[in-house]
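Scroll down for the structure; my scribbles are underneath it.
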Amino acid sequence: MVDLLLRIYHTLLDAYGPQGWWPAESWFEVVVGVILTQNTSWKNVERAISNLKRNGLLEPEKLFALAVEKMAELIKPAGFYRLKAQRLKNLMSLLSTYNFDFVNLSEKITREELLSVKGVGKESCDSILLYAFNRPIFVVDNYTKRIFSRLAVVKEKDDYDKIQELFQLIPRKVEIYKEYHALIVKHAKEICSKNKPKCRLCPIKSDCNYHT
DNA sequence: GGCCAGGTGTAAA
DNA sequence: TTTACACATGGC
């Protein structure tokens with residue numbers, strides 16, 4: 001099974017090349033991006049991020065000190081902005097207990113702690129651990145579920161933990177974990193873009209007419 | 001105009 | 001335990 005997963009990985013890598021995720025200039029930008037991108041296109045997240053940057057607020061202490069209402073205004077382009085502003089606040093307050101210290105956080109913060117934050121679910125939690133703090137944790141998203149269940153690698157009703165356990169049979173190399181998830185997202189976008197031949201892997205809709 | 005986007009929490013069945 | 005819904009902007 002591991003061989004199969006690695007074969008798919010290399011196939012994707014050959015097809016699309018390294019994706020270089022996460023696109024950010026700092027670990028803190030990753031953390032913020034993770035919350036902002038919840039059910040939201042990256043394009044919209046970029047606008048929100050650049051609003052924060054432009055105001056010099058993409059720094060832990062600055063953002064933590066910012067009123068939620070102000071934050072909400074700035075991240076508006078990312079959608080769900082009131083909700084996400086509060087979620088960022090919640091997350092900031094956990095990170096503040098580590099004094100926003102990268103080394104400290106990288107070594108000590110746990111999955112349980114992150115999951116206890118309101119607004120941080122499994123995918124966000126694992127994205128933060130992998131992409132911000134370089135832990136070998138595999139990120140499972142809906143694309144992963146749909147694509148790999150159609151490839152009959154996982155079952156339709158397998159839950160997050162089940163699928164994650166499977167992928168984590170792959171040797172725990174952070175770079176591979178980062179790249180694999182990124183490639184899955186890339187593939188998901190590619191196969192449903194126009195001018196592509198029909199395939200049975202549409203991640204957008206299970207009954208997609210365009211790619212059945 | 002409708003569907004989708006690099007999800008999550010909550011409430012009802 | 002599963003399902004339905006709210007949250008919201010912007011691209012196509």
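Ordering of the structure tokens sets the chain letters (A, B, ...), residue numbers begin anew at 1 in every chain, and ligands are numbered from 1 in the order given.
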List every residue of chain B that has an atom at most 7 Å from any atom of chain A, giving for each one its closest atom pair and the distance in Å to one decimal, counting only C-alpha atoms (C1' of nucleotides), sorted by chain and then by ascending residue number, as a Markdown table.
```
| residue | atom | partner | partner_atom | distance |
| --- | --- | --- | --- | --- |
| B:DA5 | C1' | A:Ser41 | CA | 4.3 |
| B:DG6 | C1' | A:Thr37 | CA | 6.3 |
| B:DG7 | C1' | A:Gln38 | CA | 4.6 |
| B:DT8 | C1' | A:Gly119 | CA | 5.8 |
```
Selection above as a file: N, CA and C atoms (P, O5', C5', C4', C3', O3' and C1' of nucleotides), as a PDB file, in the first residue's frame:
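Done, and the output landed in selection-v4.pdb:
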```pdb
ATOM      1  P    DA B   5     -14.915  23.090  -4.708  1.00  0.00           P
ATOM      2  O5'  DA B   5     -14.043  24.332  -4.239  1.00  0.00           O
ATOM      3  C5'  DA B   5     -13.284  25.013  -5.194  1.00  0.00           C
ATOM      4  C4'  DA B   5     -12.629  26.232  -4.589  1.00  0.00           C
ATOM      5  C3'  DA B   5     -11.864  25.984  -3.288  1.00  0.00           C
ATOM      6  O3'  DA B   5     -10.678  26.761  -3.324  1.00  0.00           O
ATOM      7  C1'  DA B   5     -13.517  27.628  -2.936  1.00  0.00           C
ATOM      8  P    DG B   6      -9.274  26.230  -3.688  1.00  0.00           P
ATOM      9  O5'  DG B   6      -8.841  25.245  -2.500  1.00  0.00           O
ATOM     10  C5'  DG B   6      -9.727  24.869  -1.448  1.00  0.00           C
ATOM     11  C4'  DG B   6      -9.005  24.090  -0.380  1.00  0.00           C
ATOM     12  C3'  DG B   6      -9.012  24.834   0.943  1.00  0.00           C
ATOM     13  O3'  DG B   6      -9.205  23.903   2.002  1.00  0.00           O
ATOM     14  C1'  DG B   6      -6.782  24.584   0.181  1.00  0.00           C
ATOM     15  P    DG B   7     -10.734  23.648   2.154  1.00  0.00           P
ATOM     16  O5'  DG B   7     -10.795  23.993   3.714  1.00  0.00           O
ATOM     17  C5'  DG B   7     -11.014  22.942   4.651  1.00  0.00           C
ATOM     18  C4'  DG B   7     -11.279  23.587   5.979  1.00  0.00           C
ATOM     19  C3'  DG B   7     -11.541  22.616   7.105  1.00  0.00           C
ATOM     20  O3'  DG B   7     -10.874  23.127   8.250  1.00  0.00           O
ATOM     21  C1'  DG B   7     -13.450  24.001   6.790  1.00  0.00           C
ATOM     22  P    DT B   8     -10.943  22.247   9.576  1.00  0.00           P
ATOM     23  O5'  DT B   8     -12.176  22.928  10.319  1.00  0.00           O
ATOM     24  C5'  DT B   8     -12.087  24.293  10.670  1.00  0.00           C
ATOM     25  C4'  DT B   8     -13.280  24.699  11.506  1.00  0.00           C
ATOM     26  C3'  DT B   8     -13.650  23.674  12.595  1.00  0.00           C
ATOM     27  O3'  DT B   8     -13.650  24.353  13.837  1.00  0.00           O
ATOM     28  C1'  DT B   8     -15.563  24.296  11.310  1.00  0.00           C
TER      29       DT B   8
END
```
Which residues of chain A come within 6 Å of chain C, and what is each one's closest atom pair and distance in Å (one decimal), counting only C-alpha atoms (C1' of nucleotides), sorted by chain and residue number, as CSV?
```
residue,atom,partner,partner_atom,distance
A:Pro77,CA,C:DT9,C1',5.3
A:Gly79,CA,C:DA8,C1',4.4
A:Phe80,CA,C:DA8,C1',4.7
```
Expected file contents, prior selection, N, CA and C atoms, as a short mmCIF file (atom, residue, chain, number, x, y, z; two decimals), in the first residue's frame:
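After the write, result.cif holds the following:
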```cif
data_model
loop_
_atom_site.label_atom_id
_atom_site.label_comp_id
_atom_site.auth_asym_id
_atom_site.auth_seq_id
_atom_site.Cartn_x
_atom_site.Cartn_y
_atom_site.Cartn_z
N PRO A 77 -11.98 40.28 2.33
CA PRO A 77 -11.94 39.57 1.04
C PRO A 77 -11.90 38.05 1.18
N GLY A 79 -13.72 36.26 3.02
CA GLY A 79 -15.01 35.69 3.35
C GLY A 79 -15.09 35.17 4.78
N PHE A 80 -16.30 34.90 5.25
CA PHE A 80 -16.51 34.47 6.65
C PHE A 80 -15.68 35.34 7.58
#
```
Problem - Surrounding residues of Leu74 of chain A excluding itself and chain neighbours under 6 positions, 8 Å, only C-alpha atoms (C1' of nucleotides), as JSON, numbers by chain - result: {"A": [48, 51, 52]}
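What separates atom CA of Val31 of chain A from atom CA of Ile128 of chain A is a distance of 5.8 Å.
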Problem - Near-segment 54-65 of chain A list (7 Å; only C-alpha atoms (C1' of nucleotides); drop same-chain fewer than 3 positions) as an NGL selection string - result: :A and (28-29 or 50-51 or 89 or 92 or 100)
Export C-alpha atoms of the chosen residues as an mmCIF file, in the first residue's frame?
```
data_model
loop_
_atom_site.group_PDB
_atom_site.id
_atom_site.type_symbol
_atom_site.label_atom_id
_atom_site.label_comp_id
_atom_site.auth_asym_id
_atom_site.auth_seq_id
_atom_site.Cartn_x
_atom_site.Cartn_y
_atom_site.Cartn_z
ATOM 1 C CA PHE A 28 3.174 33.180 11.233
ATOM 2 C CA GLU A 29 1.916 33.924 7.751
ATOM 3 C CA SER A 50 -1.822 41.648 1.704
ATOM 4 C CA ASN A 51 -4.223 43.936 3.569
ATOM 5 C CA LYS A 89 -7.941 35.681 17.935
ATOM 6 C CA MET A 92 -3.370 33.896 18.803
ATOM 7 C CA PHE A 100 4.959 33.346 19.853
#
```
Handout entry: Picked from chain A by DSSP as helix (DSSP H, G or I), as an MDAnalysis selection string
Key = chainID A and resid 2:16 27:36 42:54 60:65 68:74 76:78 81:96 102:108 111:115 122:132 142:150 160:167 174:191
